[in-house]
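> Just one file: entry-v1.pdb, with PDB, C-alpha atoms, pLDDT in the B column.
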ATOM      1  CA  MET A   1       0.000   0.000   0.000  1.00 65.00           C
ATOM      2  CA  THR A   2       1.564   3.231  -1.151  1.00 78.00           C
ATOM      3  CA  LEU A   3       0.770   6.479   0.639  1.00 90.00           C
ATOM      4  CA  TYR A   4      -0.411   9.292  -1.568  1.00 93.00           C
ATOM      5  CA  ASP A   5      -1.486  12.939  -1.327  1.00 95.00           C
ATOM      6  CA  GLU A   6      -3.744  13.402  -4.333  1.00 95.00           C
ATOM      7  CA  THR A   7      -5.652  11.233  -6.781  1.00 96.00           C
ATOM      8  CA  ILE A   8      -6.747  11.551 -10.380  1.00 97.00           C
ATOM      9  CA  ASP A   9      -9.127   9.251 -12.226  1.00 97.00           C
ATOM     10  CA  CYS A  10      -8.527   9.059 -15.976  1.00 96.00           C
ATOM     11  CA  LYS A  11     -10.669   5.995 -16.605  1.00 96.00           C
ATOM     12  CA  GLY A  12     -12.543   6.131 -19.902  1.00 94.00           C
ATOM     13  CA  MET A  13     -10.028   8.549 -21.450  1.00 94.00           C
ATOM     14  CA  GLN A  14      -7.954   7.724 -24.485  1.00 93.00           C
ATOM     15  CA  CYS A  15      -4.499   8.871 -25.517  1.00 92.00           C
ATOM     16  CA  PRO A  16      -3.313  11.570 -24.979  1.00 95.00           C
ATOM     17  CA  MET A  17      -5.773  12.782 -22.333  1.00 95.00           C
ATOM     18  CA  PRO A  18      -4.475  10.709 -19.345  1.00 96.00           C
ATOM     19  CA  VAL A  19      -0.998  12.209 -19.839  1.00 97.00           C
ATOM     20  CA  LEU A  20      -2.336  15.745 -20.283  1.00 97.00           C
ATOM     21  CA  LYS A  21      -4.688  15.593 -17.295  1.00 96.00           C
ATOM     22  CA  THR A  22      -1.995  14.012 -15.109  1.00 97.00           C
ATOM     23  CA  LYS A  23       0.511  16.683 -16.095  1.00 97.00           C
ATOM     24  CA  MET A  24      -1.964  19.432 -15.180  1.00 96.00           C
ATOM     25  CA  LYS A  25      -2.796  17.804 -11.875  1.00 97.00           C
ATOM     26  CA  ILE A  26       0.787  17.197 -10.803  1.00 96.00           C
ATOM     27  CA  ASP A  27       1.722  20.772 -11.743  1.00 95.00           C
ATOM     28  CA  THR A  28      -0.524  21.932  -8.897  1.00 96.00           C
ATOM     29  CA  MET A  29       1.324  19.742  -6.359  1.00 97.00           C
ATOM     30  CA  ALA A  30       4.514  20.419  -4.430  1.00 96.00           C
ATOM     31  CA  ALA A  31       7.736  18.478  -5.092  1.00 96.00           C
ATOM     32  CA  GLY A  32       7.861  15.187  -3.194  1.00 95.00           C
ATOM     33  CA  LYS A  33       4.066  14.807  -3.063  1.00 96.00           C
ATOM     34  CA  VAL A  34       2.606  11.591  -4.451  1.00 97.00           C
ATOM     35  CA  LEU A  35      -0.191  11.347  -7.015  1.00 97.00           C
ATOM     36  CA  LYS A  36      -2.321   8.242  -7.402  1.00 97.00           C
ATOM     37  CA  LEU A  37      -3.479   7.821 -10.992  1.00 97.00           C
ATOM     38  CA  ILE A  38      -5.889   5.304 -12.396  1.00 97.00           C
ATOM     39  CA  THR A  39      -6.523   4.729 -16.106  1.00 97.00           C
ATOM     40  CA  SER A  40      -8.312   2.270 -18.365  1.00 96.00           C
ATOM     41  CA  ASP A  41      -6.283   2.940 -21.522  1.00 94.00           C
ATOM     42  CA  PRO A  42      -3.761   0.101 -22.037  1.00 94.00           C
ATOM     43  CA  GLY A  43      -1.554   2.590 -23.944  1.00 93.00           C
ATOM     44  CA  SER A  44      -1.033   4.523 -20.722  1.00 94.00           C
ATOM     45  CA  CYS A  45       1.114   1.641 -19.383  1.00 94.00           C
ATOM     46  CA  LYS A  46       3.856   2.840 -21.715  1.00 94.00           C
ATOM     47  CA  ASP A  47       2.858   6.489 -21.970  1.00 96.00           C
ATOM     48  CA  ILE A  48       2.781   7.419 -18.290  1.00 97.00           C
ATOM     49  CA  PRO A  49       6.276   6.003 -17.503  1.00 96.00           C
ATOM     50  CA  ALA A  50       7.699   7.661 -20.651  1.00 96.00           C
ATOM     51  CA  TRP A  51       6.168  11.006 -19.737  1.00 97.00           C
ATOM     52  CA  ALA A  52       7.222  10.772 -16.080  1.00 97.00           C
ATOM     53  CA  GLU A  53      10.813   9.960 -16.932  1.00 95.00           C
ATOM     54  CA  ARG A  54      11.022  12.687 -19.537  1.00 95.00           C
ATOM     55  CA  VAL A  55       9.820  15.433 -17.207  1.00 95.00           C
ATOM     56  CA  GLY A  56      11.603  14.212 -14.079  1.00 95.00           C
ATOM     57  CA  HIS A  57       8.826  12.732 -11.955  1.00 97.00           C
ATOM     58  CA  LYS A  58       9.423   9.464 -10.142  1.00 96.00           C
ATOM     59  CA  LEU A  59       7.177   6.541 -10.973  1.00 96.00           C
ATOM     60  CA  LEU A  60       6.911   4.689  -7.669  1.00 96.00           C
ATOM     61  CA  SER A  61       4.778   1.849  -8.951  1.00 94.00           C
ATOM     62  CA  ASN A  62       2.804   0.742 -11.949  1.00 94.00           C
ATOM     63  CA  GLU A  63       0.391  -2.183 -11.791  1.00 94.00           C
ATOM     64  CA  GLU A  64      -2.714  -3.648 -13.344  1.00 94.00           C
ATOM     65  CA  THR A  65      -5.578  -4.010 -10.881  1.00 94.00           C
ATOM     66  CA  ASP A  66      -9.266  -4.929 -11.068  1.00 93.00           C
ATOM     67  CA  GLU A  67     -10.037  -1.208 -11.056  1.00 91.00           C
ATOM     68  CA  GLY A  68      -7.704  -0.402 -13.947  1.00 94.00           C
ATOM     69  CA  TYR A  69      -4.058   0.542 -14.421  1.00 97.00           C
ATOM     70  CA  LEU A  70      -2.742   2.048 -11.234  1.00 97.00           C
ATOM     71  CA  PHE A  71       0.226   4.403 -10.995  1.00 97.00           C
ATOM     72  CA  TYR A  72       1.863   6.187  -8.081  1.00 97.00           C
ATOM     73  CA  ILE A  73       3.925   9.147  -9.196  1.00 97.00           C
ATOM     74  CA  GLU A  74       6.124  11.336  -7.013  1.00 97.00           C
ATOM     75  CA  ARG A  75       6.351  14.929  -8.155  1.00 96.00           C
ATOM     76  CA  GLY A  76       9.886  15.862  -9.134  1.00 93.00           C
ATOM     77  CA  GLU A  77      11.666  19.179  -8.559  1.00 84.00           C
TER      78      GLU A  77
ATOM     79  CA  MET B   1      21.347  21.558 -10.999  1.00 54.00           C
ATOM     80  CA  VAL B   2      21.667  23.113 -14.430  1.00 62.00           C
ATOM     81  CA  ALA B   3      18.368  23.000 -16.315  1.00 69.00           C
ATOM     82  CA  LYS B   4      18.514  20.915 -19.456  1.00 76.00           C
ATOM     83  CA  PRO B   5      17.749  22.850 -22.642  1.00 85.00           C
ATOM     84  CA  LYS B   6      14.186  22.250 -23.746  1.00 92.00           C
ATOM     85  CA  LYS B   7      13.561  19.804 -26.562  1.00 96.00           C
ATOM     86  CA  LYS B   8      11.797  21.361 -29.505  1.00 98.00           C
ATOM     87  CA  MET B   9       9.264  20.026 -31.978  1.00 98.00           C
ATOM     88  CA  ALA B  10       8.206  21.629 -35.250  1.00 98.00           C
ATOM     89  CA  ILE B  11       5.089  20.352 -37.006  1.00 97.00           C
ATOM     90  CA  ILE B  12       3.571  21.246 -40.354  1.00 97.00           C
ATOM     91  CA  ALA B  13      -0.167  20.516 -40.357  1.00 97.00           C
ATOM     92  CA  SER B  14      -1.244  20.386 -43.986  1.00 96.00           C
ATOM     93  CA  GLN B  15      -4.521  18.440 -43.745  1.00 95.00           C
ATOM     94  CA  GLY B  16      -7.819  19.518 -42.242  1.00 92.00           C
ATOM     95  CA  SER B  17     -10.000  16.434 -42.396  1.00 92.00           C
ATOM     96  CA  LEU B  18     -11.280  14.861 -39.174  1.00 90.00           C
ATOM     97  CA  ASP B  19      -8.861  11.933 -39.327  1.00 90.00           C
ATOM     98  CA  TRP B  20      -5.790  13.996 -40.232  1.00 93.00           C
ATOM     99  CA  ALA B  21      -6.568  16.765 -37.762  1.00 94.00           C
ATOM    100  CA  TYR B  22      -5.840  14.446 -34.837  1.00 95.00           C
ATOM    101  CA  PRO B  23      -2.109  13.683 -35.159  1.00 96.00           C
ATOM    102  CA  PRO B  24      -0.782  17.266 -34.990  1.00 97.00           C
ATOM    103  CA  PHE B  25      -2.919  18.216 -31.978  1.00 97.00           C
ATOM    104  CA  ILE B  26      -2.276  14.928 -30.143  1.00 97.00           C
ATOM    105  CA  LEU B  27       1.474  15.077 -30.654  1.00 97.00           C
ATOM    106  CA  ALA B  28       1.746  18.803 -29.970  1.00 98.00           C
ATOM    107  CA  SER B  29      -0.222  18.700 -26.705  1.00 97.00           C
ATOM    108  CA  THR B  30       1.663  15.627 -25.495  1.00 97.00           C
ATOM    109  CA  ALA B  31       5.045  17.107 -26.388  1.00 97.00           C
ATOM    110  CA  ALA B  32       4.143  20.283 -24.511  1.00 97.00           C
ATOM    111  CA  ALA B  33       3.140  18.121 -21.532  1.00 97.00           C
ATOM    112  CA  MET B  34       6.610  16.554 -21.823  1.00 96.00           C
ATOM    113  CA  ASP B  35       8.148  20.024 -21.411  1.00 96.00           C
ATOM    114  CA  MET B  36       8.983  20.501 -25.072  1.00 97.00           C
ATOM    115  CA  GLU B  37       8.681  23.771 -26.923  1.00 97.00           C
ATOM    116  CA  VAL B  38       6.214  23.157 -29.758  1.00 98.00           C
ATOM    117  CA  LYS B  39       5.142  25.094 -32.804  1.00 98.00           C
ATOM    118  CA  ILE B  40       2.574  23.950 -35.357  1.00 97.00           C
ATOM    119  CA  PHE B  41       2.639  25.627 -38.731  1.00 97.00           C
ATOM    120  CA  PHE B  42      -0.773  25.373 -40.417  1.00 96.00           C
ATOM    121  CA  THR B  43      -0.673  25.452 -44.171  1.00 95.00           C
ATOM    122  CA  PHE B  44      -2.986  24.658 -47.073  1.00 94.00           C
ATOM    123  CA  TYR B  45      -5.844  22.436 -45.867  1.00 94.00           C
ATOM    124  CA  GLY B  46      -4.587  22.503 -42.308  1.00 95.00           C
ATOM    125  CA  LEU B  47      -5.421  26.193 -42.051  1.00 95.00           C
ATOM    126  CA  PRO B  48      -9.172  25.789 -41.355  1.00 94.00           C
ATOM    127  CA  LEU B  49      -8.204  24.031 -38.098  1.00 96.00           C
ATOM    128  CA  LEU B  50      -7.430  27.499 -36.712  1.00 96.00           C
ATOM    129  CA  LYS B  51     -10.940  28.807 -37.281  1.00 95.00           C
ATOM    130  CA  LYS B  52     -13.004  29.732 -34.219  1.00 94.00           C
ATOM    131  CA  LYS B  53     -15.597  27.096 -35.085  1.00 90.00           C
ATOM    132  CA  ILE B  54     -14.137  23.963 -36.617  1.00 89.00           C
ATOM    133  CA  ASN B  55     -16.113  21.122 -38.049  1.00 86.00           C
ATOM    134  CA  PRO B  56     -13.682  18.790 -39.806  1.00 86.00           C
ATOM    135  CA  LYS B  57     -15.134  16.046 -41.958  1.00 87.00           C
ATOM    136  CA  VAL B  58     -13.829  12.735 -43.136  1.00 84.00           C
ATOM    137  CA  THR B  59     -14.204  11.218 -46.568  1.00 80.00           C
ATOM    138  CA  PRO B  60     -13.941   7.469 -47.200  1.00 78.00           C
ATOM    139  CA  THR B  61     -13.316   8.228 -50.879  1.00 75.00           C
ATOM    140  CA  GLY B  62      -9.602   7.882 -51.538  1.00 75.00           C
ATOM    141  CA  ASN B  63      -9.074   6.389 -48.063  1.00 76.00           C
ATOM    142  CA  PRO B  64      -9.243   2.702 -48.975  1.00 74.00           C
ATOM    143  CA  ALA B  65      -7.802   1.518 -45.656  1.00 78.00           C
ATOM    144  CA  MET B  66     -10.402   3.354 -43.572  1.00 78.00           C
ATOM    145  CA  PRO B  67     -12.489   0.816 -41.633  1.00 79.00           C
ATOM    146  CA  MET B  68     -16.218   1.265 -42.237  1.00 77.00           C
ATOM    147  CA  LYS B  69     -17.758   0.014 -39.020  1.00 82.00           C
ATOM    148  CA  MET B  70     -20.944   0.903 -37.195  1.00 81.00           C
ATOM    149  CA  PRO B  71     -20.569   2.404 -33.684  1.00 83.00           C
ATOM    150  CA  PHE B  72     -23.857   0.908 -32.445  1.00 83.00           C
ATOM    151  CA  GLY B  73     -25.747  -2.373 -32.314  1.00 85.00           C
ATOM    152  CA  PRO B  74     -24.598  -5.765 -31.062  1.00 85.00           C
ATOM    153  CA  GLN B  75     -20.864  -6.497 -31.021  1.00 86.00           C
ATOM    154  CA  PHE B  76     -20.928  -8.870 -34.020  1.00 86.00           C
ATOM    155  CA  PHE B  77     -22.600  -6.074 -36.026  1.00 83.00           C
ATOM    156  CA  GLN B  78     -20.048  -3.481 -34.855  1.00 86.00           C
ATOM    157  CA  ASN B  79     -17.256  -5.797 -35.945  1.00 84.00           C
ATOM    158  CA  ILE B  80     -18.398  -5.931 -39.566  1.00 84.00           C
ATOM    159  CA  ASN B  81     -16.157  -3.951 -41.887  1.00 83.00           C
ATOM    160  CA  TRP B  82     -18.572  -2.851 -44.618  1.00 78.00           C
ATOM    161  CA  PRO B  83     -17.103  -3.183 -48.092  1.00 77.00           C
ATOM    162  CA  ILE B  84     -18.261   0.070 -49.694  1.00 76.00           C
ATOM    163  CA  PRO B  85     -16.650   0.784 -53.075  1.00 74.00           C
ATOM    164  CA  ASN B  86     -15.499   4.310 -53.975  1.00 73.00           C
ATOM    165  CA  ALA B  87     -18.064   4.341 -56.774  1.00 72.00           C
ATOM    166  CA  ILE B  88     -20.760   4.421 -54.100  1.00 75.00           C
ATOM    167  CA  SER B  89     -19.048   6.445 -51.374  1.00 72.00           C
ATOM    168  CA  GLY B  90     -17.942   9.094 -53.876  1.00 74.00           C
ATOM    169  CA  ASN B  91     -21.271   9.480 -55.639  1.00 76.00           C
ATOM    170  CA  MET B  92     -23.914   9.106 -52.987  1.00 76.00           C
ATOM    171  CA  PRO B  93     -25.038  12.535 -51.696  1.00 78.00           C
ATOM    172  CA  GLY B  94     -24.657  12.838 -47.946  1.00 80.00           C
ATOM    173  CA  PHE B  95     -22.285   9.883 -47.663  1.00 79.00           C
ATOM    174  CA  GLU B  96     -19.516  12.083 -46.266  1.00 81.00           C
ATOM    175  CA  SER B  97     -21.786  13.518 -43.575  1.00 85.00           C
ATOM    176  CA  VAL B  98     -22.822  10.030 -42.564  1.00 83.00           C
ATOM    177  CA  ALA B  99     -19.208   8.799 -42.463  1.00 84.00           C
ATOM    178  CA  THR B 100     -18.191  11.874 -40.433  1.00 88.00           C
ATOM    179  CA  GLY B 101     -21.057  11.314 -37.994  1.00 87.00           C
ATOM    180  CA  LEU B 102     -20.124   7.662 -37.585  1.00 85.00           C
ATOM    181  CA  MET B 103     -16.464   8.447 -36.969  1.00 85.00           C
ATOM    182  CA  LYS B 104     -17.312  11.134 -34.410  1.00 87.00           C
ATOM    183  CA  LYS B 105     -19.673   8.734 -32.667  1.00 88.00           C
ATOM    184  CA  THR B 106     -17.001   6.011 -32.631  1.00 86.00           C
ATOM    185  CA  PHE B 107     -14.430   8.396 -31.149  1.00 86.00           C
ATOM    186  CA  LYS B 108     -16.903   9.569 -28.513  1.00 88.00           C
ATOM    187  CA  ASN B 109     -17.846   5.985 -27.583  1.00 87.00           C
ATOM    188  CA  LYS B 110     -14.158   5.114 -27.152  1.00 85.00           C
ATOM    189  CA  GLY B 111     -13.399   8.160 -25.024  1.00 87.00           C
ATOM    190  CA  VAL B 112     -11.314  10.024 -27.607  1.00 89.00           C
ATOM    191  CA  ALA B 113     -11.227  13.795 -27.102  1.00 91.00           C
ATOM    192  CA  THR B 114     -12.640  16.055 -29.814  1.00 93.00           C
ATOM    193  CA  ILE B 115     -10.398  18.126 -32.084  1.00 94.00           C
ATOM    194  CA  THR B 116     -11.569  21.294 -30.332  1.00 94.00           C
ATOM    195  CA  GLU B 117     -10.724  19.837 -26.904  1.00 94.00           C
ATOM    196  CA  LEU B 118      -7.246  18.855 -28.084  1.00 95.00           C
ATOM    197  CA  ARG B 119      -6.688  22.270 -29.638  1.00 96.00           C
ATOM    198  CA  ASP B 120      -7.745  23.878 -26.337  1.00 95.00           C
ATOM    199  CA  MET B 121      -5.194  21.677 -24.539  1.00 96.00           C
ATOM    200  CA  CYS B 122      -2.505  22.800 -26.980  1.00 97.00           C
ATOM    201  CA  GLU B 123      -3.285  26.437 -26.228  1.00 96.00           C
ATOM    202  CA  LEU B 124      -3.386  25.798 -22.497  1.00 95.00           C
ATOM    203  CA  LEU B 125      -0.005  24.050 -22.599  1.00 96.00           C
ATOM    204  CA  GLY B 126       1.622  26.856 -24.575  1.00 96.00           C
ATOM    205  CA  VAL B 127       1.872  25.344 -28.051  1.00 97.00           C
ATOM    206  CA  GLU B 128       2.417  28.095 -30.595  1.00 97.00           C
ATOM    207  CA  LEU B 129      -0.061  27.955 -33.488  1.00 97.00           C
ATOM    208  CA  ILE B 130       1.194  29.629 -36.647  1.00 96.00           C
ATOM    209  CA  ALA B 131      -0.902  30.329 -39.742  1.00 95.00           C
ATOM    210  CA  CYS B 132       0.747  30.292 -43.142  1.00 94.00           C
ATOM    211  CA  GLN B 133       0.284  33.827 -44.449  1.00 92.00           C
ATOM    212  CA  MET B 134       0.523  32.805 -48.095  1.00 91.00           C
ATOM    213  CA  THR B 135      -2.222  30.166 -47.819  1.00 91.00           C
ATOM    214  CA  MET B 136      -4.418  32.690 -46.038  1.00 91.00           C
ATOM    215  CA  ASP B 137      -4.066  35.123 -48.910  1.00 91.00           C
ATOM    216  CA  VAL B 138      -4.593  32.425 -51.553  1.00 92.00           C
ATOM    217  CA  PHE B 139      -7.719  30.930 -50.003  1.00 91.00           C
ATOM    218  CA  GLY B 140      -9.058  34.222 -48.652  1.00 92.00           C
ATOM    219  CA  PHE B 141      -8.911  33.634 -44.896  1.00 92.00           C
ATOM    220  CA  GLU B 142      -9.181  36.634 -42.582  1.00 91.00           C
ATOM    221  CA  LYS B 143      -7.444  36.880 -39.197  1.00 92.00           C
ATOM    222  CA  GLU B 144     -10.841  37.583 -37.624  1.00 93.00           C
ATOM    223  CA  GLU B 145     -11.941  34.032 -38.504  1.00 93.00           C
ATOM    224  CA  PHE B 146      -9.175  32.499 -36.425  1.00 94.00           C
ATOM    225  CA  ILE B 147      -8.917  31.927 -32.690  1.00 94.00           C
ATOM    226  CA  GLU B 148      -6.987  34.447 -30.628  1.00 92.00           C
ATOM    227  CA  GLY B 149      -3.321  33.847 -30.045  1.00 90.00           C
ATOM    228  CA  VAL B 150      -2.540  32.610 -33.538  1.00 95.00           C
ATOM    229  CA  SER B 151       0.661  34.025 -34.977  1.00 94.00           C
ATOM    230  CA  TYR B 152       1.489  34.438 -38.633  1.00 94.00           C
ATOM    231  CA  GLY B 153       4.517  33.549 -40.688  1.00 93.00           C
ATOM    232  CA  GLY B 154       5.994  31.992 -43.783  1.00 91.00           C
ATOM    233  CA  ALA B 155       8.419  29.277 -44.817  1.00 91.00           C
ATOM    234  CA  ALA B 156      11.501  31.000 -43.419  1.00 93.00           C
ATOM    235  CA  ALA B 157       9.869  31.519 -40.034  1.00 91.00           C
ATOM    236  CA  PHE B 158       9.047  27.814 -39.847  1.00 92.00           C
ATOM    237  CA  LEU B 159      12.480  26.694 -41.063  1.00 94.00           C
ATOM    238  CA  ASP B 160      14.255  28.961 -38.599  1.00 95.00           C
ATOM    239  CA  PHE B 161      12.513  27.139 -35.739  1.00 95.00           C
ATOM    240  CA  ALA B 162      12.683  23.713 -37.429  1.00 96.00           C
ATOM    241  CA  ALA B 163      16.445  24.009 -37.949  1.00 97.00           C
ATOM    242  CA  ASP B 164      16.954  24.078 -34.186  1.00 96.00           C
ATOM    243  CA  SER B 165      14.259  21.503 -33.416  1.00 97.00           C
ATOM    244  CA  ASP B 166      14.833  17.928 -32.266  1.00 97.00           C
ATOM    245  CA  ILE B 167      11.687  16.664 -33.991  1.00 97.00           C
ATOM    246  CA  GLN B 168      10.275  17.875 -37.284  1.00 97.00           C
ATOM    247  CA  LEU B 169       7.084  16.400 -38.694  1.00 97.00           C
ATOM    248  CA  PHE B 170       5.110  16.993 -41.848  1.00 97.00           C
ATOM    249  CA  ILE B 171       1.536  15.822 -41.397  1.00 95.00           C
TER     250      ILE B 171
END
Can you give me the file's structure in the form of structure tokens?


Amino acid sequence: MTLYDETIDCKGMQCPMPVLKTKMKIDTMAAGKVLKLITSDPGSCKDIPAWAERVGHKLLSNEETDEGYLFYIERGE
Amino acid sequence: MVAKPKKKMAIIASQGSLDWAYPPFILASTAAAMDMEVKIFFTFYGLPLLKKKINPKVTPTGNPAMPMKMPFGPQFFQNINWPIPNAISGNMPGFESVATGLMKKTFKNKGVATITELRDMCELLGVELIACQMTMDVFGFEKEEFIEGVSYGGAAAFLDFAADSDIQLFI
């Protein structure tokens, strides 16, 4: 169980909206805070890690659950 | 820590149909979300995508690989790829409107954003939208028809940015 500060639900959205909405959400958070993200788009399994690495956020975990694809992302500097 | 120089992406959007309007806006908004500096240069048939009200259409004629599937009904029905020859799709009045409606419905059902939503995201994320001045003059577009924040330029303006860009795409 990962601790988190904020959540965002991107279920039902297709590429590129989960990345765009997640970017906007995490921009409102302070560095070091953790965002819980859930998606239903299988493409996001590759897209979210690629985006996070590119912009310097830390992907803490990435797993498929009954609810959808679950990501915990720590806001970078 | 020294900040890394921003990656840059230069896109030419030359097509304004519903299907071809997606790639430039998807890639531009995503690149901006990935901290890249992005400029889209709209030329020829891409130019109408800058209008305040956009209503791009799709035509199956000349798009032989376009799947013709129905976005409603039972799954087996939705899976049928209707073999409609160009002779019919190109000659039947209203066929384009129907195809456009079906594609929009399919996108909506699958949770794909609209072109207008993606364009709004581009603006929000700081993508620069540039209209090709020459095409405007040729096809008689006025600046008043376009959304606010559009800038104007020509080939040299695009190439100056493209020369220093990491990614250059012609769509």

> Which one is closest to chain A: B:Ile54, B:Ile26, B:Leu47, B:Met68? Count only C-alpha atoms.

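That would be B:Ile26, the residue with the smallest distance to chain A.
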
> Mind pulling up the distance from atom CA of Leu169 of chain B to atom CA of Lys52 of chain B?

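Between these atoms lies a distance of 24.5 Å.
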
> Got a sec to resolve the PyMOL selection byres ((chain B) within 8 of (chain A)) on this structure and send the residues as an mmCIF file with C-alpha atoms, keeping the file's coordinate frame?


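Done, and the output landed in expr-v7.cif:
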data_model
loop_
_atom_site.group_PDB
_atom_site.id
_atom_site.type_symbol
_atom_site.label_atom_id
_atom_site.label_comp_id
_atom_site.auth_asym_id
_atom_site.auth_seq_id
_atom_site.Cartn_x
_atom_site.Cartn_y
_atom_site.Cartn_z
ATOM 1 C CA ILE B 26 -2.276 14.928 -30.143
ATOM 2 C CA SER B 29 -0.222 18.700 -26.705
ATOM 3 C CA THR B 30 1.663 15.627 -25.495
ATOM 4 C CA ALA B 33 3.140 18.121 -21.532
ATOM 5 C CA MET B 34 6.610 16.554 -21.823
ATOM 6 C CA ASP B 35 8.148 20.024 -21.411
ATOM 7 C CA LYS B 110 -14.158 5.114 -27.152
ATOM 8 C CA GLY B 111 -13.399 8.160 -25.024
ATOM 9 C CA VAL B 112 -11.314 10.024 -27.607
ATOM 10 C CA ALA B 113 -11.227 13.795 -27.102
ATOM 11 C CA MET B 121 -5.194 21.677 -24.539
#

> Taking all atoms of segment 120-127 of chain B that the file lists and extending 3 Å past them on each side, where is the centre of the axis-aligned box and how long are its edges? Answer in Å to one decimal, as lines of an AutoDock Vina configuration file.


center_x = -2.9
center_y = 24.3
center_z = -25.3
size_x = 15.6
size_y = 11.2
size_z = 11.6

> As a ChimeraX atom specification, please: the residues near Phe146 of chain B (cut-off 9 Å, only C-alpha atoms, same-chain neighbours under 5 positions excluded).

/B:48-53,141

> So what do you get for atom CA of Val38 of chain B versus atom CA of Phe71 of chain A, distance-wise?

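That distance, rounded to one decimal, is 27.2 Å.
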
> Determine the residue membership of the PyMOL selection byres ((chain B and resi 159-161) around 12) for the file above and supply it as a PDB file with C-alpha atoms, in the frame of the given file.


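Output contents, as saved in result27.pdb:
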ATOM      1  CA  LYS B   7      13.561  19.804 -26.562  1.00 96.00           C
ATOM      2  CA  LYS B   8      11.797  21.361 -29.505  1.00 98.00           C
ATOM      3  CA  MET B   9       9.264  20.026 -31.978  1.00 98.00           C
ATOM      4  CA  ALA B  10       8.206  21.629 -35.250  1.00 98.00           C
ATOM      5  CA  ILE B  11       5.089  20.352 -37.006  1.00 97.00           C
ATOM      6  CA  ILE B  12       3.571  21.246 -40.354  1.00 97.00           C
ATOM      7  CA  GLU B  37       8.681  23.771 -26.923  1.00 97.00           C
ATOM      8  CA  VAL B  38       6.214  23.157 -29.758  1.00 98.00           C
ATOM      9  CA  LYS B  39       5.142  25.094 -32.804  1.00 98.00           C
ATOM     10  CA  ILE B  40       2.574  23.950 -35.357  1.00 97.00           C
ATOM     11  CA  PHE B  41       2.639  25.627 -38.731  1.00 97.00           C
ATOM     12  CA  GLU B 128       2.417  28.095 -30.595  1.00 97.00           C
ATOM     13  CA  ILE B 130       1.194  29.629 -36.647  1.00 96.00           C
ATOM     14  CA  GLY B 153       4.517  33.549 -40.688  1.00 93.00           C
ATOM     15  CA  GLY B 154       5.994  31.992 -43.783  1.00 91.00           C
ATOM     16  CA  ALA B 155       8.419  29.277 -44.817  1.00 91.00           C
ATOM     17  CA  ALA B 156      11.501  31.000 -43.419  1.00 93.00           C
ATOM     18  CA  ALA B 157       9.869  31.519 -40.034  1.00 91.00           C
ATOM     19  CA  PHE B 158       9.047  27.814 -39.847  1.00 92.00           C
ATOM     20  CA  ALA B 162      12.683  23.713 -37.429  1.00 96.00           C
ATOM     21  CA  ALA B 163      16.445  24.009 -37.949  1.00 97.00           C
ATOM     22  CA  ASP B 164      16.954  24.078 -34.186  1.00 96.00           C
ATOM     23  CA  SER B 165      14.259  21.503 -33.416  1.00 97.00           C
ATOM     24  CA  ASP B 166      14.833  17.928 -32.266  1.00 97.00           C
ATOM     25  CA  ILE B 167      11.687  16.664 -33.991  1.00 97.00           C
ATOM     26  CA  GLN B 168      10.275  17.875 -37.284  1.00 97.00           C
ATOM     27  CA  LEU B 169       7.084  16.400 -38.694  1.00 97.00           C
TER      28      LEU B 169
END

> For a cutoff of 7 Å around the file-coordinate point (4.2, 6.1, -14.4), which residues qualify once you count all atoms listed in the file? I'd like the result as a PyMOL selection string.

chain A and resi 48-49+52+59+61-62+71-73

> Selection in question (the file shown): the PyMOL selection byres ((chain A and resi 33-39) around 7). Which residues does it include, as a list in words?

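Residues picked by the PyMOL selection byres ((chain A and resi 33-39) around 7): Tyr4, Asp5, Glu6, Thr7, Ile8, Asp9, Cys10, Lys11, Met29, Ala30, Ala31, Gly32, Ser40, Asp41, Gly68, Tyr69, Leu70, Phe71, Tyr72, Ile73, Glu74 and Arg75 of chain A.
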
> Rounded to one decimal, what separation in Å do you get between atom CA of Arg119 of chain B and atom CA of Ala65 of chain B?

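Rounded to one decimal, the two atoms are 26.2 Å apart.
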
> Might you pull out every residue within 9 Å of segment 136-140 of chain B, with all atoms listed in the file counted and same-chain residues fewer than 5 positions away left off, and present them as a list in words?

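Listing them by chain and then by number gives Thr43, Phe44, Leu47 and Ala131 of chain B.
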
> Around the point (-19.3, 13.0, -35.0) in the file's coordinates, collect all residues with an atom within 12 Å, using only C-alpha atoms, and return them as a PyMOL selection string.

chain B and resi 18-19+55-58+71+96-109+112-115
